[in-house]
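Shown here: input-v1.txt, compact mmCIF, C-alpha atoms.
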# COMPACT_ATOMS: atom_id res chain seq x y z
CA MET A 73 -4.41 18.76 13.36
CA LYS A 74 -3.16 16.96 10.26
CA SER A 75 -3.78 18.57 6.90
CA ILE A 76 -4.30 17.38 3.33
CA ILE A 77 -4.99 19.00 -0.04
CA ILE A 78 -7.11 16.95 -2.42
CA THR A 79 -7.36 17.83 -6.11
CA GLY A 80 -10.44 16.79 -8.03
CA ALA A 81 -12.35 17.00 -4.75
CA SER A 82 -15.77 17.92 -6.12
CA SER A 83 -16.88 14.43 -7.17
CA GLY A 84 -15.98 10.78 -7.50
CA ILE A 85 -12.90 9.42 -5.74
CA GLY A 86 -11.77 12.90 -4.71
CA ARG A 87 -15.00 13.77 -2.92
CA ALA A 88 -15.28 10.35 -1.26
CA THR A 89 -11.70 10.67 -0.04
CA ALA A 90 -12.30 14.20 1.25
CA GLU A 91 -15.26 12.95 3.30
CA VAL A 92 -13.15 10.18 4.88
CA PHE A 93 -10.45 12.63 5.95
CA LEU A 94 -12.96 15.22 7.17
CA ASP A 95 -14.79 12.60 9.23
CA ALA A 96 -11.42 11.70 10.78
CA GLY A 97 -10.85 15.31 11.87
CA TRP A 98 -8.26 16.37 9.29
CA ARG A 99 -8.07 19.88 7.87
CA VAL A 100 -8.83 19.42 4.18
CA GLY A 101 -8.16 21.75 1.26
CA LEU A 102 -10.65 21.05 -1.54
CA ILE A 103 -9.40 21.83 -5.04
CA ALA A 104 -11.60 21.53 -8.14
CA ARG A 105 -13.14 23.84 -10.72
CA ARG A 106 -16.77 23.60 -9.56
CA ALA A 107 -16.96 26.00 -6.63
CA GLU A 108 -20.61 25.25 -5.83
CA LEU A 109 -19.86 21.57 -5.21
CA LEU A 110 -16.88 22.38 -3.01
CA ASP A 111 -18.93 24.89 -1.02
CA ALA A 112 -21.71 22.35 -0.51
CA LEU A 113 -19.23 19.87 0.94
CA ALA A 114 -17.42 22.48 3.04
CA ASP A 115 -20.73 23.63 4.56
CA GLN A 116 -20.93 20.26 6.31
CA TYR A 117 -17.51 20.45 8.01
CA ASP A 118 -15.68 23.08 10.04
CA THR A 119 -12.27 21.81 8.88
CA ALA A 120 -12.93 21.95 5.12
CA MET A 121 -11.45 24.77 3.04
CA PRO A 122 -12.86 25.14 -0.49
CA LEU A 123 -10.20 26.26 -2.97
CA PRO A 124 -11.94 26.45 -6.36
CA THR A 125 -9.09 26.26 -8.85
CA ASP A 126 -8.22 24.78 -12.24
CA VAL A 127 -5.26 22.46 -11.63
CA THR A 128 -3.70 23.54 -14.93
CA ASP A 129 -3.56 27.21 -13.85
CA ALA A 130 -0.17 27.46 -12.15
CA SER A 131 -0.73 30.94 -10.67
CA ALA A 132 -4.13 30.04 -9.25
CA MET A 133 -2.74 26.82 -7.82
CA GLN A 134 0.08 28.75 -6.16
CA ALA A 135 -2.48 31.05 -4.56
CA ALA A 136 -4.53 28.07 -3.34
CA PHE A 137 -1.52 26.38 -1.73
CA ASP A 138 -0.43 29.66 -0.14
CA ALA A 139 -3.92 30.21 1.29
CA PHE A 140 -4.04 26.72 2.76
CA GLY A 141 -0.75 26.93 4.65
CA HIS A 142 0.99 23.92 6.21
CA ILE A 143 0.39 20.66 4.35
CA ASP A 144 1.06 17.15 5.58
CA VAL A 145 -0.33 15.27 2.57
CA LEU A 146 -1.27 15.93 -1.05
CA PHE A 147 -3.71 13.57 -2.76
CA ASN A 148 -2.91 14.32 -6.39
CA ASN A 149 -6.16 13.06 -7.84
CA ALA A 150 -7.60 15.32 -10.57
CA GLY A 151 -7.77 13.77 -14.01
CA LEU A 152 -9.72 13.20 -17.22
CA PHE A 153 -10.37 9.99 -19.15
CA GLY A 154 -10.60 11.67 -22.53
CA PRO A 155 -12.21 10.30 -25.67
CA ALA A 156 -12.75 6.54 -25.93
CA ALA A 157 -11.43 5.79 -29.41
CA THR A 158 -8.52 4.39 -31.33
CA ILE A 159 -5.58 6.74 -31.82
CA ASP A 160 -6.45 7.65 -35.42
CA GLU A 161 -9.89 8.88 -34.31
CA ILE A 162 -8.64 11.24 -31.57
CA ASP A 163 -8.42 14.97 -32.20
CA LEU A 164 -5.12 16.54 -31.23
CA GLU A 165 -7.01 19.09 -29.14
CA ASP A 166 -8.54 16.30 -27.04
CA TRP A 167 -5.12 14.64 -26.66
CA ALA A 168 -3.60 17.94 -25.51
CA GLN A 169 -6.36 18.53 -22.96
CA VAL A 170 -5.87 15.12 -21.31
CA MET A 171 -2.10 15.66 -21.24
CA GLN A 172 -2.56 19.12 -19.73
CA VAL A 173 -4.77 17.91 -16.88
CA ASN A 174 -3.45 14.43 -16.14
CA ILE A 175 0.24 15.24 -16.45
CA GLY A 176 0.49 19.03 -16.35
CA GLY A 177 -1.99 19.46 -13.50
CA MET A 178 -0.40 16.66 -11.48
CA PHE A 179 3.05 18.14 -12.05
CA ILE A 180 1.93 21.59 -10.88
CA ALA A 181 0.29 20.22 -7.71
CA ALA A 182 3.25 17.96 -6.89
CA ARG A 183 5.72 20.79 -7.51
CA LEU A 184 3.88 23.10 -5.13
CA ALA A 185 3.47 20.43 -2.46
CA PHE A 186 7.10 19.34 -2.71
CA GLY A 187 8.35 22.93 -2.38
CA LYS A 188 6.12 23.66 0.60
CA MET A 189 7.02 20.39 2.36
CA ARG A 190 10.72 21.00 1.78
CA ALA A 191 10.58 24.52 3.26
CA GLN A 192 8.13 24.07 6.15
CA GLU A 193 8.90 23.22 9.77
CA PRO A 194 8.90 20.42 10.58
CA GLN A 195 10.20 19.50 7.16
CA GLY A 196 8.54 16.79 5.12
CA GLY A 197 5.21 15.35 4.10
CA ARG A 198 3.60 12.84 1.79
CA ILE A 199 2.42 12.99 -1.83
CA ILE A 200 -0.06 10.34 -2.99
CA ASN A 201 -0.61 10.21 -6.75
CA ASN A 202 -3.76 8.67 -8.18
CA GLY A 203 -2.55 6.30 -10.85
CA SER A 204 -4.75 3.61 -12.34
CA LEU A 205 -4.75 -0.01 -13.36
CA SER A 206 -4.19 1.58 -16.78
CA ALA A 207 -0.67 2.38 -15.59
CA TYR A 208 0.16 -1.21 -16.50
CA VAL A 209 -2.93 -2.84 -18.07
CA PRO A 210 -4.84 -0.55 -20.47
CA ARG A 211 -8.50 -0.64 -21.30
CA PRO A 212 -9.44 -0.79 -24.98
CA ASN A 213 -9.68 2.63 -26.64
CA SER A 214 -7.92 4.47 -23.80
CA VAL A 215 -4.71 5.68 -25.43
CA CYS A 216 -4.87 9.21 -23.96
CA TYR A 217 -5.65 8.13 -20.41
CA THR A 218 -3.30 5.15 -20.43
CA THR A 219 -0.37 7.20 -21.70
CA THR A 220 -0.81 9.74 -18.91
CA LYS A 221 -1.07 7.09 -16.20
CA HIS A 222 2.22 5.56 -17.30
CA ALA A 223 3.68 9.06 -16.91
CA VAL A 224 2.21 9.32 -13.40
CA THR A 225 4.13 6.20 -12.40
CA GLY A 226 7.34 7.86 -13.56
CA LEU A 227 6.44 10.96 -11.55
CA THR A 228 5.81 8.83 -8.45
CA LYS A 229 9.13 6.99 -8.69
CA THR A 230 11.10 10.20 -9.26
CA LEU A 231 9.44 12.11 -6.42
CA SER A 232 9.98 9.17 -4.08
CA LEU A 233 13.69 9.23 -4.88
CA ASP A 234 14.17 13.01 -4.89
CA GLY A 235 12.09 13.51 -1.75
CA ARG A 236 14.23 11.33 0.51
CA PRO A 237 16.69 14.05 1.63
CA PHE A 238 13.74 16.27 2.61
CA ARG A 239 11.58 13.67 4.42
CA ILE A 240 9.04 13.74 1.59
CA ALA A 241 7.46 10.37 0.82
CA CYS A 242 5.63 9.66 -2.42
CA GLY A 243 3.33 6.76 -3.21
CA GLN A 244 0.77 5.82 -5.83
CA ILE A 245 -2.65 4.22 -5.58
CA ASP A 246 -3.87 2.31 -8.63
CA ILE A 247 -7.64 1.94 -8.49
CA GLY A 248 -9.73 -0.49 -10.48
CA ASN A 249 -13.41 0.19 -11.05
CA ALA A 250 -14.51 2.29 -8.11
CA GLU A 251 -18.21 3.09 -8.51
CA THR A 252 -18.18 6.71 -9.68
CA ASP A 253 -20.30 8.56 -12.25
CA LEU A 254 -17.67 7.69 -14.86
CA LEU A 255 -17.92 3.98 -14.07
CA VAL A 256 -21.71 4.11 -14.12
CA GLN A 257 -21.50 5.27 -17.72
CA LEU A 258 -18.92 2.58 -18.49
CA LYS A 259 -21.21 -0.11 -17.10
CA LYS A 260 -23.95 1.05 -19.44
CA SER A 261 -21.68 0.66 -22.46
CA GLN A 262 -19.95 -2.49 -21.16
CA PRO A 263 -22.53 -4.67 -19.36
CA GLY A 264 -21.02 -7.01 -16.81
CA THR A 265 -18.32 -4.56 -15.71
CA GLU A 266 -17.46 -5.36 -12.10
CA THR A 267 -17.14 -2.43 -9.68
CA MET A 268 -16.63 -1.75 -5.98
CA ASP A 269 -17.94 1.00 -3.74
CA VAL A 270 -15.86 4.15 -4.03
CA SER A 271 -15.41 4.22 -0.25
CA ASN A 272 -12.94 1.34 -0.58
CA ALA A 273 -10.64 3.56 -2.65
CA ALA A 274 -11.08 6.46 -0.23
CA ARG A 275 -10.21 4.37 2.81
CA SER A 276 -7.14 3.04 1.03
CA VAL A 277 -5.88 6.58 0.45
CA PHE A 278 -6.46 7.28 4.14
CA HIS A 279 -4.39 4.22 5.08
CA MET A 280 -1.50 5.47 2.94
CA ALA A 281 -1.74 8.95 4.45
CA GLU A 282 -1.78 7.64 8.02
CA MET A 283 1.53 5.80 7.68
CA PRO A 284 4.21 7.09 10.09
CA PRO A 285 6.93 9.30 8.55
CA GLU A 286 9.44 6.43 8.50
CA ALA A 287 7.14 4.23 6.37
CA ASN A 288 5.71 4.56 2.89
CA VAL A 289 3.28 2.61 0.73
CA GLN A 290 5.11 2.97 -2.58
CA PHE A 291 2.38 1.37 -4.71
CA MET A 292 -1.06 0.10 -3.74
CA THR A 293 -3.61 -1.58 -6.00
CA VAL A 294 -7.24 -1.66 -4.87
CA MET A 295 -9.73 -3.16 -7.28
CA ALA A 296 -13.09 -4.84 -7.59
CA THR A 297 -12.62 -8.47 -6.59
CA ARG A 298 -14.32 -9.89 -9.68
CA MET A 299 -12.37 -7.84 -12.20
CA PRO A 300 -10.20 -9.89 -14.57
CA TYR A 301 -6.77 -10.73 -13.15
CA ILE A 302 -4.13 -8.09 -13.73
CA GLY A 303 -0.46 -8.00 -12.75
CA ARG A 304 2.56 -5.77 -12.97
CA GLY A 305 5.46 -6.46 -15.27
Give the structure from this file in structure tokens form.
Amino acid sequence: MKSIIITGASSGIGRATAEVFLDAGWRVGLIARRAELLDALADQYDTAMPLPTDVTDASAMQAAFDAFGHIDVLFNNAGLFGPAATIDEIDLEDWAQVMQVNIGGMFIAARLAFGKMRAQEPQGGRIINNGSLSAYVPRPNSVCYTTTKHAVTGLTKTLSLDGRPFRIACGQIDIGNAETDLLVQLKKSQPGTETMDVSNAARSVFHMAEMPPEANVQFMTVMATRMPYIGRG
């Protein structure tokens, strides 16, 4: 049975992705802070393992990865948007929190997955980082979030390079306007915002995870069709 750990699994893209993998018969480790939401999801599946953990707590994350055992895939998904404001209006405490979760939490999860994949038999695995369209085209008033998503792209490229000797692949999915609670609020403040069902993002992660070991989706963009055109570089 294939196995995956998903961070930020209690809601939004993380929960939708967990359901896709569970429906496909994978063993799924569910990491998020809200234990009651993880337990409610795990009660529906025999192959779900709730691991209530704060991704910024390195010791607790180590314990969660140790409890889960062999891991084929990590979906490194947990993140915060942070305050929507111009840079001069953002408190340093809010900036630090977004950095801690979106970069620090992703680093901790990737570090643990990389180490486990390097040491396990058979060696190897796959890390999928949740980036964003903000990794190359920012939204207005998103300086905290956008800065972190640029950093995630650097993490993806470095892990992809450093993982080669150990059969560890790393890719990134950049998602535009999946219909989550966050996007529902955005649509209220920005009428006319185009979205897509969150299941489209979840199925895209599953496609990346299902690639054979000799293949890797380095970067994938999945977005609402009627969003404004965006492009890399």
Original post:
Given the choices A:Leu205, A:Leu231, A:Leu94, A:Met73, which gets closest to Pro300 in chain A if the distance is worked out from all atoms listed in the file?
Top reply: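 That would be A:Leu205, the residue with the smallest distance to Pro300 in chain A.
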Original post:
Which distance in Å separates CA of Gln169 in chain A and CA of Asn202 in chain A, to one decimal?
Top reply: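 Between CA of Gln169 in chain A and CA of Asn202 in chain A the gap works out to 18.0 Å.
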**OP:** Check the smallest atom-to-atom distance from each of A:Gln116, A:Ser131, A:Ser232, A:Asn148 to Ile76 in chain A using only C-alpha atoms, then report the winner.
**Re:**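 Among the listed residues, the smallest separation from Ile76 in chain A belongs to A:Asn148.
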Original post:
CA of Asn174 in chain A to CA of Glu286 in chain A: how many Å, to one decimal?
Top reply: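 About the pair CA of Asn174 in chain A and CA of Glu286 in chain A: they are 28.9 Å apart.
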**OP:** Could you please determine the separation between CA of Thr252 in chain A and CA of Arg87 in chain A in Å, to one decimal place?
**Re:** 10.3 Å
Give me the residues of range 110-192 of chain A that have any atom at most 12 Å from an atom of range 212-229 of chain A; for each, the nearest atom pair and the distance in Å, rounded to one decimal. Use all atoms listed in the file, sort by chain and number, and format it as JSON lines.
{"residue": "A:Asn148", "atom": "CA", "partner": "A:Val224", "partner_atom": "CA", "distance": 10.0}
{"residue": "A:Asn149", "atom": "CA", "partner": "A:Val224", "partner_atom": "CA", "distance": 10.7}
{"residue": "A:Ala150", "atom": "CA", "partner": "A:Val224", "partner_atom": "CA", "distance": 11.8}
{"residue": "A:Gly151", "atom": "CA", "partner": "A:Tyr217", "partner_atom": "CA", "distance": 8.8}
{"residue": "A:Leu152", "atom": "CA", "partner": "A:Tyr217", "partner_atom": "CA", "distance": 7.2}
{"residue": "A:Phe153", "atom": "CA", "partner": "A:Tyr217", "partner_atom": "CA", "distance": 5.2}
{"residue": "A:Gly154", "atom": "CA", "partner": "A:Cys216", "partner_atom": "CA", "distance": 6.4}
{"residue": "A:Pro155", "atom": "CA", "partner": "A:Ser214", "partner_atom": "CA", "distance": 7.5}
{"residue": "A:Ala156", "atom": "CA", "partner": "A:Asn213", "partner_atom": "CA", "distance": 5.0}
{"residue": "A:Ala157", "atom": "CA", "partner": "A:Asn213", "partner_atom": "CA", "distance": 4.6}
{"residue": "A:Thr158", "atom": "CA", "partner": "A:Asn213", "partner_atom": "CA", "distance": 5.1}
{"residue": "A:Ile159", "atom": "CA", "partner": "A:Val215", "partner_atom": "CA", "distance": 6.5}
{"residue": "A:Asp160", "atom": "CA", "partner": "A:Val215", "partner_atom": "CA", "distance": 10.3}
{"residue": "A:Glu161", "atom": "CA", "partner": "A:Asn213", "partner_atom": "CA", "distance": 9.9}
{"residue": "A:Ile162", "atom": "CA", "partner": "A:Cys216", "partner_atom": "CA", "distance": 8.7}
{"residue": "A:Asp163", "atom": "CA", "partner": "A:Cys216", "partner_atom": "CA", "distance": 10.7}
{"residue": "A:Leu164", "atom": "CA", "partner": "A:Cys216", "partner_atom": "CA", "distance": 10.3}
{"residue": "A:Glu165", "atom": "CA", "partner": "A:Cys216", "partner_atom": "CA", "distance": 11.4}
{"residue": "A:Asp166", "atom": "CA", "partner": "A:Cys216", "partner_atom": "CA", "distance": 8.6}
{"residue": "A:Trp167", "atom": "CA", "partner": "A:Cys216", "partner_atom": "CA", "distance": 6.1}
{"residue": "A:Ala168", "atom": "CA", "partner": "A:Cys216", "partner_atom": "CA", "distance": 9.0}
{"residue": "A:Gln169", "atom": "CA", "partner": "A:Cys216", "partner_atom": "CA", "distance": 9.5}
{"residue": "A:Val170", "atom": "CA", "partner": "A:Cys216", "partner_atom": "CA", "distance": 6.6}
{"residue": "A:Met171", "atom": "CA", "partner": "A:Thr220", "partner_atom": "CA", "distance": 6.5}
{"residue": "A:Gln172", "atom": "CA", "partner": "A:Thr220", "partner_atom": "CA", "distance": 9.6}
{"residue": "A:Val173", "atom": "CA", "partner": "A:Thr220", "partner_atom": "CA", "distance": 9.3}
{"residue": "A:Asn174", "atom": "CA", "partner": "A:Thr220", "partner_atom": "CA", "distance": 6.1}
{"residue": "A:Ile175", "atom": "CA", "partner": "A:Thr220", "partner_atom": "CA", "distance": 6.1}
{"residue": "A:Gly176", "atom": "CA", "partner": "A:Thr220", "partner_atom": "CA", "distance": 9.7}
{"residue": "A:Gly177", "atom": "CA", "partner": "A:Val224", "partner_atom": "CA", "distance": 11.0}
{"residue": "A:Met178", "atom": "CA", "partner": "A:Val224", "partner_atom": "CA", "distance": 8.0}
{"residue": "A:Phe179", "atom": "CA", "partner": "A:Leu227", "partner_atom": "CA", "distance": 8.0}
{"residue": "A:Ile180", "atom": "CA", "partner": "A:Leu227", "partner_atom": "CA", "distance": 11.6}
{"residue": "A:Ala181", "atom": "CA", "partner": "A:Leu227", "partner_atom": "CA", "distance": 11.8}
{"residue": "A:Ala182", "atom": "CA", "partner": "A:Leu227", "partner_atom": "CA", "distance": 9.0}
{"residue": "A:Arg183", "atom": "CA", "partner": "A:Leu227", "partner_atom": "CA", "distance": 10.7}
Subject >> Residues within 10 Å of Gly141 in chain A, all atoms listed in the file, excluding chain neighbours under 5 positions, as a list of chain:residue names >> reply: A:Ser75, A:Gly101, A:Ala136, A:Lys188, A:Gln192
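In terms of minimum interatomic distance to His279 in chain A, A:Ala96 ranks closest within A:Ile103, A:Ala96, A:Met299, A:Ala81, counting all atoms listed in the file.
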Original post:
A:Thr79, A:Asp115, A:Tyr208, A:Glu282: which is nearest Trp98 in chain A, counting all atoms listed in the file?
Top reply: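 Looking at the shortest contact to Trp98 in chain A, the residue is A:Glu282.
Counting all atoms listed in the file, the residue from A:Thr230, A:Ser271, A:Asn201, A:Gln244 that sits nearest to Thr293 in chain A is A:Gln244.
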Subject >> Contacts of Arg239 in chain A at 10 Å (only C-alpha atoms; same-chain gap of 4+ positions) as a PyMOL selection string >> reply: chain A and resi 189-190+194-198+232+234-235+285-286
Original post:
Using all atoms listed in the file, which of the listed residues (A:Pro124, A:Gly80, A:Gly86, A:Pro284) sits closest to Ile240 in chain A?
Top reply: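 For Ile240 in chain A, the nearest of the candidates is A:Pro284.
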Subject >> Neighbours of point (-18.0, -8.1, -12.4) within 6 Å, using only C-alpha atoms, written as a list in words >> reply: Gly264, Thr265, Glu266, Arg298 and Met299 of chain A
Original post:
Which polymer residues have any atom within 9 Å of an atom of Arg106 in chain A, counting only C-alpha atoms, with same-chain residues fewer than 3 positions away left out, as a ChimeraX atom specification?
Top reply: /A:82,103,109-111,124-125
With only C-alpha atoms as the counted atoms, please give the residues lying no more than 8 Å from Val92 in chain A, apart from itself and same-chain residues fewer than 5 positions off, as a compact mmCIF listing (two decimals) with C-alpha atoms, in the frame of the given file.
# COMPACT_ATOMS: atom_id res chain seq x y z
CA ALA A 274 -11.08 6.46 -0.23
CA ARG A 275 -10.21 4.37 2.81
CA PHE A 278 -6.46 7.28 4.14
